[in-house]
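> Once you've had a glance at the structure underneath, I'll fire off some questions.
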Amino acid sequence: MSYGPAFKTLSFLRKHLVLLIPWAVLCIYWLTIFIATHTPTGKLPAVTVVGKDKTMHYVAYLGLGIFFWLAYYRDTRPTFKEKKTWFVVLMLVGYGMLDELTQWFVGRTTSIVDLCFDSLGILSSLLIIFLIRKLSHWLILIWIAFFVFTHWPLQTPFVTVPESFNPLLDLAYMACYCTITMMWWRCISPKSKFIVNRSTILSTIIVMTIYLLIDQFILIILMKRDFDQNILNASLSSILVGIIASLLFGLHNQAEEKYLKQLKYLDENNINDPNYFDPGY
């Protein structure tokens with residue numbers, strides 16, 4: 001059995017990407033809400049949500065808190081007894097205060113009520129991270145949130161955006177379908193690790209297809225919405241991308257497992273191998 005430089009390089013990149021991606025997502029998200037809160041009111045797009053401005057503040061800082069906790073703690077979780085947990089809370093609340101104060105320089109008003117909703121979002125994110133520890137629970141939470149968002153009554157839309165923002169909503173819709181597909185695959189795999197076998201492939205295809213049919217046909221009819229062929233195509237494409245990505249992760253995990261077994265065999269038998277490589281997991 002031989003594993004060349006390509007496999008070793010892939011293992012090395014994957015190890016570091018796992019560390020970098022959460023921080024990259026956090027930085028992009030943080031920059032986005034900073035730009036949104038420091039854009040003059042007259043130049044802001046006409047975006048409205050249920051609950052108006054206060055809902056946007058709560059959701060924005062809820063997301064900021066969740067992304068920060070996931071990037072900072074990774075596989076562990078914060079505890080209420082740790083001092084650094086409350087230091088992080090104070091730091092994020094302090095940023096919310098600074099964010100409100102600096103809005104004055106771009107002609108926007110500083111609001112103590114907005115700061116309260118920012119702080120509430122941060123505290124809610126801590127509670128969610130503390131309570132939800134299993135991948136299956138994250139899948140349920142994301143799936144429910146996605147379902148509520150996409151099936152909100154048309155009479156009072158959850159969010160209203162200019163037509164120029166519709167491509168962004170479509171991308172978010174596709175990202176959710178892809179994420180749910182991959183999370184489902186991983187949840188039904190042994191030890192919540194991407195595995196390739198017949199049951200995981202068939203289960204993912206069947207479950208996501210059934211949900212797509214319910215989402216695009218049955219519920220749309222019940223809610224008296226118009227059928228959108230573009231959304232159907234985008235959803236199918238996203239599910240396919242999620243399946244392909246899961247398949248690639250699974251194949252890599254299986255190859256890596258065989259590789260580690262080979263290293264163990266060589267070590268136990270005192271066999272020198274010039275291609276010895278520790279992927280660091």
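Identifiers in the structure tokens: chain A, B, ... in order shown; residue index from 1 per chain; ligand index from 1 in order shown.
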With only C-alpha atoms as the counted atoms, please give the residues lying no more than 6 Å from stretch 22-34 of chain A, apart from itself and same-chain residues fewer than 3 positions off, as a compact mmCIF listing (two decimals) with N, CA and C atoms, in the first residue's frame.

# COMPACT_ATOMS: atom_id res chain seq x y z
N THR A 37 -23.62 48.45 9.84
CA THR A 37 -23.98 49.38 10.92
C THR A 37 -23.28 50.74 10.77
N PHE A 67 -20.71 32.38 15.83
CA PHE A 67 -19.49 32.21 15.03
C PHE A 67 -18.24 32.38 15.89
N ALA A 71 -15.50 29.39 16.62
CA ALA A 71 -14.11 29.57 16.21
C ALA A 71 -13.16 29.52 17.40
> Determine, counting only C-alpha atoms, which protein, DNA and RNA residues have an atom within 7 Å of an atom of stretch 243-259 of chain A; residues of the same chain fewer than 4 positions away are not included. Present the result as a list in words.
Thr181, Met182, Trp185, Phe194, Ile195, Val196, Ile239 and Leu263 of chain A
> Write down as a PyMOL selection string the residues of stretch 46-259 of chain A whose backbone DSSP state falls under strand (DSSP E).
chain A and resi 48-49+159-160
> How about saving the chosen residues, all heavy atoms kept, as an mmCIF file, in the first residue's frame?

data_model
loop_
_atom_site.group_PDB
_atom_site.id
_atom_site.type_symbol
_atom_site.label_atom_id
_atom_site.label_comp_id
_atom_site.auth_asym_id
_atom_site.auth_seq_id
_atom_site.Cartn_x
_atom_site.Cartn_y
_atom_site.Cartn_z
ATOM 1 N N THR A 48 -36.243 45.121 5.312
ATOM 2 C CA THR A 48 -37.089 45.111 6.507
ATOM 3 C C THR A 48 -37.309 43.664 6.936
ATOM 4 O O THR A 48 -37.374 42.756 6.107
ATOM 5 C CB THR A 48 -38.446 45.777 6.241
ATOM 6 O OG1 THR A 48 -39.119 45.098 5.164
ATOM 7 C CG2 THR A 48 -38.275 47.237 5.890
ATOM 8 N N VAL A 49 -37.414 43.460 8.244
ATOM 9 C CA VAL A 49 -37.696 42.139 8.798
ATOM 10 C C VAL A 49 -38.796 42.285 9.833
ATOM 11 O O VAL A 49 -39.109 43.390 10.285
ATOM 12 C CB VAL A 49 -36.450 41.508 9.450
ATOM 13 C CG1 VAL A 49 -35.352 41.291 8.432
ATOM 14 C CG2 VAL A 49 -35.950 42.370 10.609
ATOM 15 N N VAL A 159 -38.595 38.623 5.894
ATOM 16 C CA VAL A 159 -37.622 39.605 5.437
ATOM 17 C C VAL A 159 -38.024 40.090 4.052
ATOM 18 O O VAL A 159 -38.457 39.309 3.213
ATOM 19 C CB VAL A 159 -36.190 39.022 5.413
ATOM 20 C CG1 VAL A 159 -36.109 37.805 4.506
ATOM 21 C CG2 VAL A 159 -35.177 40.078 4.974
ATOM 22 N N THR A 160 -37.909 41.378 3.832
ATOM 23 C CA THR A 160 -38.185 41.981 2.532
ATOM 24 C C THR A 160 -36.942 42.727 2.082
ATOM 25 O O THR A 160 -36.412 43.565 2.819
ATOM 26 C CB THR A 160 -39.364 42.966 2.618
ATOM 27 O OG1 THR A 160 -40.504 42.291 3.155
ATOM 28 C CG2 THR A 160 -39.704 43.518 1.232
#
> Hey, what's within 9 Å of stretch 167-178 of chain A if we count only C-alpha atoms and toss same-chain stuff fewer than 3 positions away? As a list of chain:residue names, please?
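Within the cut-off, the hits are A:Ile142, A:Trp143, A:Phe146, A:Thr150, A:Val161, A:Glu163, A:Ser164, A:Thr181, A:Met182, A:Met183, A:Met208, A:Ile231, A:Ala234, A:Ser235, A:Leu236, A:Ser237, A:Ser238, A:Ile239, A:Leu240, A:Val241, A:Gly242, A:Ile243.
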> From a DSSP pass on the backbone, collect the residues of stretch 186-223 of chain A flagged as helix (DSSP H, G or I) and hand them back as an MDAnalysis selection string.
chainID A and resid 186:188 190:192 198:222
> Residues at most 9 Å from A:Asp118, counting only C-alpha atoms, excluding those fewer than 3 positions away in the same chain, as a PyMOL selection string?
chain A and resi 54+57-62+93+96-97+113-115+121-123
> Would you mind telling me which residue in A:Trp184, A:Trp104, A:Phe147, A:Trp138 lies nearest to A:Gln216 when using only C-alpha atoms?
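Closest to A:Gln216 of all the choices is A:Phe147.
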> Ranking A:Ile35, A:Asp228, A:His137, A:Leu131 by minimum distance to A:Phe80 and counting only C-alpha atoms, which one comes first?
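When distances to A:Phe80 are compared using only C-alpha atoms, the smallest one comes from A:Leu131.
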> What is the atom CA of A:Ile140-atom CA of A:Val88 distance in Å, reported with one decimal?
26.7 Å
> Using only C-alpha atoms for the distances, tell me which of A:Ser189, A:Ser125, A:Thr204, A:Thr179 is nearest to A:Phe68.
A:Ser125
> Quick one, how far is atom CA of A:Ile188 from atom CA of A:Leu135?
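Atom-to-atom, atom CA of A:Ile188 and atom CA of A:Leu135 are spaced 10.2 Å apart.
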> For the atom pair atom CA of A:Gly63 and atom CA of A:Val207, what is the interatomic distance in Å to one decimal place?
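Here the two named atoms are 27.7 Å from each other.
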